[in-house]
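Colleague: Got a file for you: upload.cif, mmCIF, C-alpha atoms.
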```cif
data_query
#
loop_
_atom_site.label_atom_id
_atom_site.label_comp_id
_atom_site.auth_asym_id
_atom_site.auth_seq_id
_atom_site.Cartn_x
_atom_site.Cartn_y
_atom_site.Cartn_z
CA MET A 5 122.45 114.36 67.25
CA ALA A 6 123.35 111.75 69.83
CA THR A 7 121.45 111.75 73.11
CA LEU A 8 123.60 112.45 76.15
CA THR A 9 123.43 109.48 78.48
CA HIS A 10 124.68 109.28 82.04
CA ARG A 11 125.29 106.07 83.95
CA LEU A 12 126.33 105.29 87.50
CA ASN A 13 127.95 101.86 87.56
CA LEU A 14 127.66 100.66 91.14
CA ILE A 15 128.58 97.05 90.48
CA PRO A 16 131.69 96.55 88.32
CA LYS A 17 131.73 93.24 86.48
CA ALA A 18 135.40 92.37 86.47
CA GLN A 19 138.31 93.19 88.70
CA SER A 20 138.38 95.27 91.84
CA ARG A 21 138.22 99.00 91.15
CA THR A 22 138.41 102.21 93.13
CA PHE A 23 136.17 105.21 92.50
CA THR A 24 136.41 108.62 94.14
CA CYS A 25 133.24 110.72 94.20
CA SER A 26 131.63 113.49 96.26
CA PHE A 27 128.30 112.89 97.97
CA ILE A 28 126.31 114.95 100.45
CA THR A 29 125.92 112.76 103.51
CA GLY A 30 124.19 115.08 105.93
CA GLU A 31 127.59 116.61 106.71
CA PRO A 32 129.86 118.86 104.65
CA ILE A 33 130.67 117.30 101.27
CA THR A 34 133.11 114.45 101.83
CA ASN A 35 135.16 112.43 99.39
CA LEU A 36 134.19 108.78 99.51
CA ARG A 37 136.24 105.97 98.05
CA PHE A 38 134.34 102.96 96.73
CA ASP A 39 136.37 99.74 96.80
CA CYS A 40 134.26 97.41 94.70
CA VAL A 41 134.98 93.72 94.19
CA SER A 42 132.98 92.01 91.48
CA ASN A 43 132.17 88.84 93.39
CA SER A 44 131.25 90.62 96.60
CA SER A 45 127.65 91.48 97.47
CA LYS A 46 128.76 94.47 99.51
CA LEU A 47 130.48 97.78 98.99
CA SER A 48 133.04 99.11 101.45
CA LEU A 49 132.83 102.88 101.79
CA LYS A 50 135.75 104.85 103.19
CA SER A 51 135.72 108.59 103.66
CA SER A 52 138.63 110.95 103.74
CA CYS A 53 138.06 111.17 107.51
CA GLY A 54 139.04 107.53 107.87
CA ARG A 55 135.60 106.27 108.88
CA SER A 56 134.18 103.25 107.12
CA ARG A 57 130.99 101.26 106.92
CA THR A 58 129.61 98.43 104.84
CA ASN A 59 126.35 98.71 102.94
CA HIS A 60 124.44 96.29 100.75
CA ARG A 61 125.10 97.04 97.10
CA ARG A 62 122.77 99.43 95.28
CA GLN A 63 121.72 101.09 98.52
CA ASN A 64 121.63 104.86 98.83
CA PHE A 65 124.96 105.01 100.71
CA GLY A 66 123.38 106.63 103.75
CA ILE A 67 122.04 109.66 101.85
CA ARG A 68 118.80 110.62 103.53
CA SER A 69 116.03 112.18 101.46
CA VAL A 70 112.71 113.72 102.39
CA PHE A 71 109.58 113.99 100.25
CA THR A 72 106.24 115.76 100.69
CA GLY A 73 103.88 113.23 99.11
CA ILE A 74 102.81 115.78 96.49
CA VAL A 75 103.22 113.87 93.22
CA GLU A 76 105.04 115.88 90.55
CA GLU A 77 104.09 113.74 87.58
CA MET A 78 103.06 110.28 86.49
CA GLY A 79 105.78 108.41 84.67
CA GLU A 80 105.52 105.24 82.60
CA VAL A 81 107.42 102.00 83.09
CA LYS A 82 109.51 101.43 79.97
CA ASN A 83 111.32 98.29 81.01
CA LEU A 84 111.96 96.20 84.11
CA GLY A 85 113.76 92.99 84.91
CA MET A 86 117.15 91.46 85.59
CA ALA A 87 120.11 93.49 84.33
CA ASP A 88 123.52 92.36 83.07
CA HIS A 89 125.12 93.20 86.41
CA GLY A 90 122.86 90.71 88.18
CA GLY A 91 120.54 93.22 89.84
CA PHE A 92 116.95 94.19 89.06
CA ASP A 93 116.54 97.45 87.12
CA LEU A 94 113.47 99.60 86.54
CA LYS A 95 113.46 102.08 83.63
CA ILE A 96 110.87 104.87 83.69
CA GLY A 97 109.89 107.46 81.12
CA ALA A 98 109.43 110.92 82.61
CA ARG A 99 109.71 114.63 81.93
CA VAL A 100 109.41 116.88 85.00
CA VAL A 101 111.67 114.92 87.36
CA LEU A 102 114.40 114.84 84.70
CA GLU A 103 114.71 118.62 84.48
CA ASP A 104 117.58 118.81 86.97
CA VAL A 105 118.36 115.14 87.65
CA LYS A 106 121.86 113.97 88.53
CA LEU A 107 123.38 110.55 89.08
CA GLY A 108 122.74 109.40 92.63
CA ASP A 109 119.65 111.58 93.07
CA SER A 110 116.69 110.17 94.97
CA ILE A 111 113.30 109.91 93.28
CA ALA A 112 110.23 108.44 94.94
CA VAL A 113 108.53 105.89 92.68
CA ASN A 114 105.08 105.09 94.04
CA GLY A 115 106.39 106.32 97.36
CA THR A 116 109.56 104.23 97.34
CA CYS A 117 112.81 106.18 97.60
CA LEU A 118 115.10 104.91 94.81
CA THR A 119 118.48 106.03 93.46
CA VAL A 120 118.99 107.16 89.86
CA THR A 121 121.74 105.05 88.30
CA GLU A 122 121.30 106.06 84.66
CA PHE A 123 119.35 108.71 82.74
CA ASN A 124 118.96 110.55 79.46
CA ALA A 125 116.60 113.28 78.26
CA GLU A 126 113.51 111.05 78.29
CA GLU A 127 113.95 108.30 80.89
CA PHE A 128 115.85 107.21 83.96
CA THR A 129 116.83 103.92 85.57
CA VAL A 130 116.76 102.87 89.22
CA GLY A 131 117.91 99.65 90.86
CA LEU A 132 115.62 97.56 93.06
CA ALA A 133 117.10 95.48 95.86
CA PRO A 134 115.46 92.14 96.73
CA GLU A 135 114.16 93.59 100.02
CA THR A 136 112.50 96.44 98.12
CA LEU A 137 110.70 93.98 95.87
CA ARG A 138 109.56 91.96 98.89
CA LYS A 139 108.33 94.94 100.89
CA THR A 140 106.60 97.05 98.23
CA SER A 141 104.04 96.74 95.46
CA LEU A 142 106.66 97.48 92.80
CA GLU A 143 106.82 93.76 92.04
CA GLU A 144 103.38 94.12 90.42
CA LEU A 145 104.54 96.71 87.88
CA GLU A 146 104.49 95.85 84.19
CA LYS A 147 105.75 97.54 81.06
CA GLY A 148 103.44 100.50 80.47
CA SER A 149 102.32 100.81 84.11
CA PRO A 150 101.90 104.41 85.34
CA VAL A 151 103.88 105.37 88.45
CA ASN A 152 103.84 108.35 90.79
CA LEU A 153 107.09 110.34 90.74
CA GLU A 154 108.47 112.95 93.14
CA ARG A 155 111.97 114.35 93.49
CA ALA A 156 113.55 114.64 96.91
CA LEU A 157 112.69 117.84 98.74
CA GLN A 158 115.06 120.78 98.56
CA PRO A 159 115.41 123.15 101.56
CA VAL A 160 113.76 125.95 99.57
CA SER A 161 110.73 123.87 98.50
CA ARG A 162 107.22 124.40 99.85
CA MET A 163 105.93 121.68 102.18
CA GLY A 164 102.60 121.06 100.47
CA GLY A 165 102.03 117.63 102.01
CA HIS A 166 103.63 115.97 105.04
CA VAL A 167 107.08 114.56 105.78
CA VAL A 168 107.54 111.39 103.73
CA GLN A 169 110.79 109.43 103.89
CA GLY A 170 110.18 107.14 100.96
CA HIS A 171 110.73 104.16 103.28
CA VAL A 172 107.68 102.00 102.62
CA ASP A 173 106.35 100.41 105.82
CA GLY A 174 104.34 97.78 103.99
CA THR A 175 101.53 97.29 101.52
CA GLY A 176 97.77 97.51 101.68
CA VAL A 177 95.09 96.06 99.41
CA ILE A 178 92.35 98.13 97.79
CA GLN A 179 89.00 96.88 99.10
CA SER A 180 86.59 99.22 97.33
CA MET A 181 86.42 102.29 95.10
CA GLU A 182 83.17 104.24 95.09
CA VAL A 183 82.24 107.42 93.22
CA GLU A 184 80.48 110.28 94.97
CA GLY A 185 79.89 113.27 92.71
CA ASP A 186 83.26 114.03 91.12
CA SER A 187 85.17 112.51 94.05
CA LEU A 188 86.35 108.95 94.62
CA TRP A 189 86.19 107.07 97.91
CA VAL A 190 88.92 104.47 98.34
CA LYS A 191 89.04 101.86 101.12
CA VAL A 192 92.33 100.09 101.84
CA LYS A 193 92.93 97.06 104.04
CA ALA A 194 96.17 97.17 106.01
CA ASP A 195 97.98 94.94 108.45
CA LYS A 196 97.00 95.67 112.04
CA GLY A 197 100.64 96.44 112.79
CA LEU A 198 100.39 99.42 110.41
CA LEU A 199 96.77 100.34 111.06
CA LYS A 200 97.56 101.32 114.66
CA TYR A 201 99.59 104.27 113.32
CA ILE A 202 96.76 105.49 111.05
CA VAL A 203 94.26 107.88 112.62
CA PRO A 204 91.25 109.83 111.31
CA LYS A 205 92.27 113.22 109.92
CA GLY A 206 95.89 112.10 110.06
CA PHE A 207 98.31 111.68 107.17
CA VAL A 208 99.23 108.55 105.26
CA ALA A 209 101.27 108.15 102.07
CA VAL A 210 99.57 105.79 99.59
CA ASP A 211 101.81 104.98 96.63
CA GLY A 212 103.73 108.09 97.63
CA THR A 213 100.68 110.37 97.60
CA SER A 214 100.10 112.40 100.76
CA LEU A 215 96.47 111.83 101.76
CA THR A 216 94.22 112.70 104.68
CA VAL A 217 92.58 109.72 106.36
CA VAL A 218 88.80 110.02 106.76
CA ASP A 219 87.86 106.95 108.80
CA VAL A 220 89.61 103.96 110.37
CA SER A 221 87.91 100.63 111.12
CA ASP A 222 89.77 98.31 113.48
CA GLU A 223 87.12 95.61 112.96
CA GLU A 224 87.70 95.51 109.20
CA SER A 225 91.38 96.46 109.52
CA CYS A 226 90.71 99.17 106.95
CA PHE A 227 90.97 102.92 106.46
CA ASN A 228 89.53 105.13 103.76
CA PHE A 229 90.23 108.44 102.05
CA MET A 230 88.69 110.58 99.33
CA LEU A 231 90.33 111.75 96.11
CA VAL A 232 89.06 114.99 94.59
CA ALA A 233 88.82 115.33 90.80
CA TYR A 234 92.22 117.02 90.41
CA THR A 235 94.04 114.36 92.42
CA GLN A 236 92.34 111.58 90.46
CA GLN A 237 93.83 112.95 87.26
CA ASN A 238 97.37 113.27 88.61
CA VAL A 239 98.10 110.12 90.64
CA VAL A 240 98.03 106.40 89.87
CA ILE A 241 95.57 105.21 92.53
CA PRO A 242 92.43 105.57 90.33
CA THR A 243 94.10 103.48 87.62
CA LYS A 244 94.31 100.50 89.97
CA LYS A 245 91.64 97.89 90.58
CA VAL A 246 90.07 96.41 93.68
CA GLY A 247 92.41 93.71 94.99
CA GLN A 248 95.63 95.41 93.87
CA LYS A 249 98.38 96.40 96.29
CA VAL A 250 99.40 99.94 97.24
CA ASN A 251 102.52 101.06 99.09
CA LEU A 252 101.91 102.51 102.54
CA GLU A 253 104.07 104.80 104.64
CA VAL A 254 102.58 105.92 107.92
CA ASP A 255 103.32 109.20 109.68
CA ILE A 256 106.65 108.67 111.44
CA MET A 257 105.59 110.74 114.47
CA GLY A 258 103.38 107.91 115.71
CA LYS A 259 106.28 105.47 115.58
CA TYR A 260 108.54 107.86 117.48
CA VAL A 261 105.94 108.31 120.22
CA GLU A 262 105.41 104.56 120.54
CA ARG A 263 109.14 103.97 120.76
CA LEU A 264 109.54 106.54 123.53
CA LEU A 265 106.66 105.11 125.55
CA THR A 266 107.68 101.46 125.24
CA SER A 267 111.44 101.81 125.62
CA GLY A 268 111.43 103.75 128.87
CA GLY A 269 112.86 106.79 127.14
CA PHE A 270 109.97 109.01 128.24
CA SER A 271 108.97 109.84 131.78
CA LEU A 272 106.20 111.98 133.27
CA ASN A 273 108.09 112.23 136.58
CA THR A 274 109.72 115.55 135.72
CA SER A 275 110.12 116.59 139.36
CA GLU A 276 112.37 113.59 140.06
CA GLU A 277 114.39 114.29 136.91
CA LYS A 278 115.00 117.87 138.05
CA LYS A 279 116.39 116.67 141.37
CA VAL A 280 118.96 114.56 139.56
#
```
Translate this structure into structure tokens?

Modeller:
Amino acid sequence: MATLTHRLNLIPKAQSRTFTCSFITGEPITNLRFDCVSNSSKLSLKSSCGRSRTNHRRQNFGIRSVFTGIVEEMGEVKNLGMADHGGFDLKIGARVVLEDVKLGDSIAVNGTCLTVTEFNAEEFTVGLAPETLRKTSLEELEKGSPVNLERALQPVSRMGGHVVQGHVDGTGVIQSMEVEGDSLWVKVKADKGLLKYIVPKGFVAVDGTSLTVVDVSDEESCFNFMLVAYTQQNVVIPTKKVGQKVNLEVDIMGKYVERLLTSGGFSLNTSEEKKV
């Protein structure tokens, strides 16, 4: 029996084509028309409402997804590299995240929100933009590498971790891994621009895994966390070595607060505001 295969072709090879599809864009379902020209590096999206915008090809077309940082399963890299259409594809073997997958769905791969462009019963493919390769640790993946996988959160899902967007802020480097009993201490060095958002007992997503920070050292530009036995068996961090990169996404609340305080959008002078 032939295996049913689905493919989302975002970059036509030849002449200009028009596709009409339905996507959820944070508003009621809207018909979007994709006018794709083979030699263009951009897609022009036009909705039935007449609005338009231009996005870099292979982006998520403005669909916003939220994750919890609770890894659903570890997948395995089956293949990665340049594809016929000129982009960079990553093919991953999986089981749980494929149970209800659809073309265009968002799946976090090591904490990076990526769009499913092709799938069958045993594996799925996502496209990686050049900026994604530059900003994340996915460039270090090899055939056979394990990866953390999580489907985008549904409104009815439990929030077991914290709010993770899948927008990697940068990478850190594993400095040490030490065993204590059946737990594992991991120390990660991060850029000072990211470390300022990481606080003791706060949340951080490491390779897409929601973790509680134990300590932060500004002098070493490091933070650490502990993995219990169960977590060690279900995420990829323990499979990595000292010196390898990990994807980091800090808690977005800290960035919002900083933005308010530095942009003049927040004021403690409430009495004056009331007079106005």

Colleague: Record the distance separating CA of Val210 (chain A) and CA of Ser267 (chain A), expressed in Å with one decimal.

Modeller: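 It comes out at 28.9 Å.
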
Colleague: Could you give me, as a list of chain:residue names, the residues within 10 Å of region 185-189 of chain A, counting only C-alpha atoms and dropping anything in the same chain fewer than 4 positions from it?

Modeller: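 So the residues in contact are A:Ser180, A:Met181, A:Val218, A:Asn228, A:Phe229, A:Met230, A:Leu231, A:Val232, A:Ala233, A:Tyr234, A:Thr235, A:Gln236, A:Pro242.
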
Colleague: So that I can check the surroundings of Leu199 (chain A), please list as a PyMOL selection string every protein, DNA and RNA residue that reaches within 8 Å of it, counting all atoms listed in the file and ignoring chain neighbours fewer than 4 positions away.

Modeller: chain A and resi 194-195+222+225-227

Colleague: I need the chosen residues saved as a PDB file, keeping the file's coordinate frame, with C-alpha atoms.

Modeller:
```
ATOM      1  CA  ALA A 194      96.170  97.170 106.010  1.00  0.00           C
ATOM      2  CA  ASP A 195      97.980  94.940 108.450  1.00  0.00           C
ATOM      3  CA  ASP A 222      89.770  98.310 113.480  1.00  0.00           C
ATOM      4  CA  SER A 225      91.380  96.460 109.520  1.00  0.00           C
ATOM      5  CA  CYS A 226      90.710  99.170 106.950  1.00  0.00           C
ATOM      6  CA  PHE A 227      90.970 102.920 106.460  1.00  0.00           C
TER       7      PHE A 227
END
```

Colleague: Kindly indicate which residue among A:Glu135, A:Glu127, A:Asp211, A:Asp104 lies nearest to Asn152 (chain A), using only C-alpha atoms for the distances.

Modeller: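 Checking each of A:Glu135, A:Glu127, A:Asp211, A:Asp104 against Asn152 (chain A), counting only C-alpha atoms, the winner is A:Asp211.
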
Colleague: Taking into account only C-alpha atoms, which residue in the set A:Val167, A:Val217, A:Leu265, A:Ala112 is nearest to Met78 (chain A)?

Modeller: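 Of the candidates, the smallest distance to Met78 (chain A) is held by A:Ala112.
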
Colleague: Could you add N, CA, C and O atoms to region 173-184 of chain A and give me the result as a PDB file, in the coordinates of the input?

Modeller:
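Contents of the output file rebuild.pdb:
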```pdb
ATOM      1  N   ASP A 173     106.533 101.239 104.635  1.00  0.00           N
ATOM      2  CA  ASP A 173     106.350 100.410 105.820  1.00  0.00           C
ATOM      3  C   ASP A 173     105.728  99.065 105.488  1.00  0.00           C
ATOM      4  O   ASP A 173     105.895  98.094 106.225  1.00  0.00           O
ATOM      5  N   GLY A 174     105.003  99.006 104.394  1.00  0.00           N
ATOM      6  CA  GLY A 174     104.340  97.780 103.990  1.00  0.00           C
ATOM      7  C   GLY A 174     103.343  98.079 102.893  1.00  0.00           C
ATOM      8  O   GLY A 174     103.301  99.190 102.357  1.00  0.00           O
ATOM      9  N   THR A 175     102.531  97.093 102.566  1.00  0.00           N
ATOM     10  CA  THR A 175     101.530  97.290 101.520  1.00  0.00           C
ATOM     11  C   THR A 175     100.137  97.095 102.065  1.00  0.00           C
ATOM     12  O   THR A 175      99.926  96.407 103.069  1.00  0.00           O
ATOM     13  N   GLY A 176      99.177  97.725 101.395  1.00  0.00           N
ATOM     14  CA  GLY A 176      97.770  97.510 101.680  1.00  0.00           C
ATOM     15  C   GLY A 176      97.096  96.991 100.429  1.00  0.00           C
ATOM     16  O   GLY A 176      97.705  96.972  99.355  1.00  0.00           O
ATOM     17  N   VAL A 177      95.842  96.589 100.554  1.00  0.00           N
ATOM     18  CA  VAL A 177      95.090  96.060  99.410  1.00  0.00           C
ATOM     19  C   VAL A 177      93.815  96.880  99.256  1.00  0.00           C
ATOM     20  O   VAL A 177      93.078  97.100 100.235  1.00  0.00           O
ATOM     21  N   ILE A 178      93.552  97.350  98.057  1.00  0.00           N
ATOM     22  CA  ILE A 178      92.350  98.130  97.790  1.00  0.00           C
ATOM     23  C   ILE A 178      91.118  97.243  97.946  1.00  0.00           C
ATOM     24  O   ILE A 178      91.008  96.201  97.295  1.00  0.00           O
ATOM     25  N   GLN A 179      90.215  97.651  98.833  1.00  0.00           N
ATOM     26  CA  GLN A 179      89.000  96.880  99.100  1.00  0.00           C
ATOM     27  C   GLN A 179      87.800  97.366  98.303  1.00  0.00           C
ATOM     28  O   GLN A 179      86.941  96.576  97.885  1.00  0.00           O
ATOM     29  N   SER A 180      87.721  98.664  98.089  1.00  0.00           N
ATOM     30  CA  SER A 180      86.590  99.220  97.330  1.00  0.00           C
ATOM     31  C   SER A 180      86.951 100.591  96.795  1.00  0.00           C
ATOM     32  O   SER A 180      87.818 101.280  97.346  1.00  0.00           O
ATOM     33  N   MET A 181      86.270 100.967  95.704  1.00  0.00           N
ATOM     34  CA  MET A 181      86.420 102.290  95.100  1.00  0.00           C
ATOM     35  C   MET A 181      85.028 102.744  94.685  1.00  0.00           C
ATOM     36  O   MET A 181      84.403 102.133  93.815  1.00  0.00           O
ATOM     37  N   GLU A 182      84.533 103.788  95.326  1.00  0.00           N
ATOM     38  CA  GLU A 182      83.170 104.240  95.090  1.00  0.00           C
ATOM     39  C   GLU A 182      83.143 105.716  94.716  1.00  0.00           C
ATOM     40  O   GLU A 182      83.810 106.540  95.356  1.00  0.00           O
ATOM     41  N   VAL A 183      82.348 106.041  93.709  1.00  0.00           N
ATOM     42  CA  VAL A 183      82.240 107.420  93.220  1.00  0.00           C
ATOM     43  C   VAL A 183      81.160 108.163  93.987  1.00  0.00           C
ATOM     44  O   VAL A 183      80.072 107.635  94.230  1.00  0.00           O
ATOM     45  N   GLU A 184      81.467 109.381  94.387  1.00  0.00           N
ATOM     46  CA  GLU A 184      80.480 110.280  94.970  1.00  0.00           C
ATOM     47  C   GLU A 184      80.665 111.649  94.333  1.00  0.00           C
ATOM     48  O   GLU A 184      81.634 112.355  94.624  1.00  0.00           O
TER      49      GLU A 184
END
```
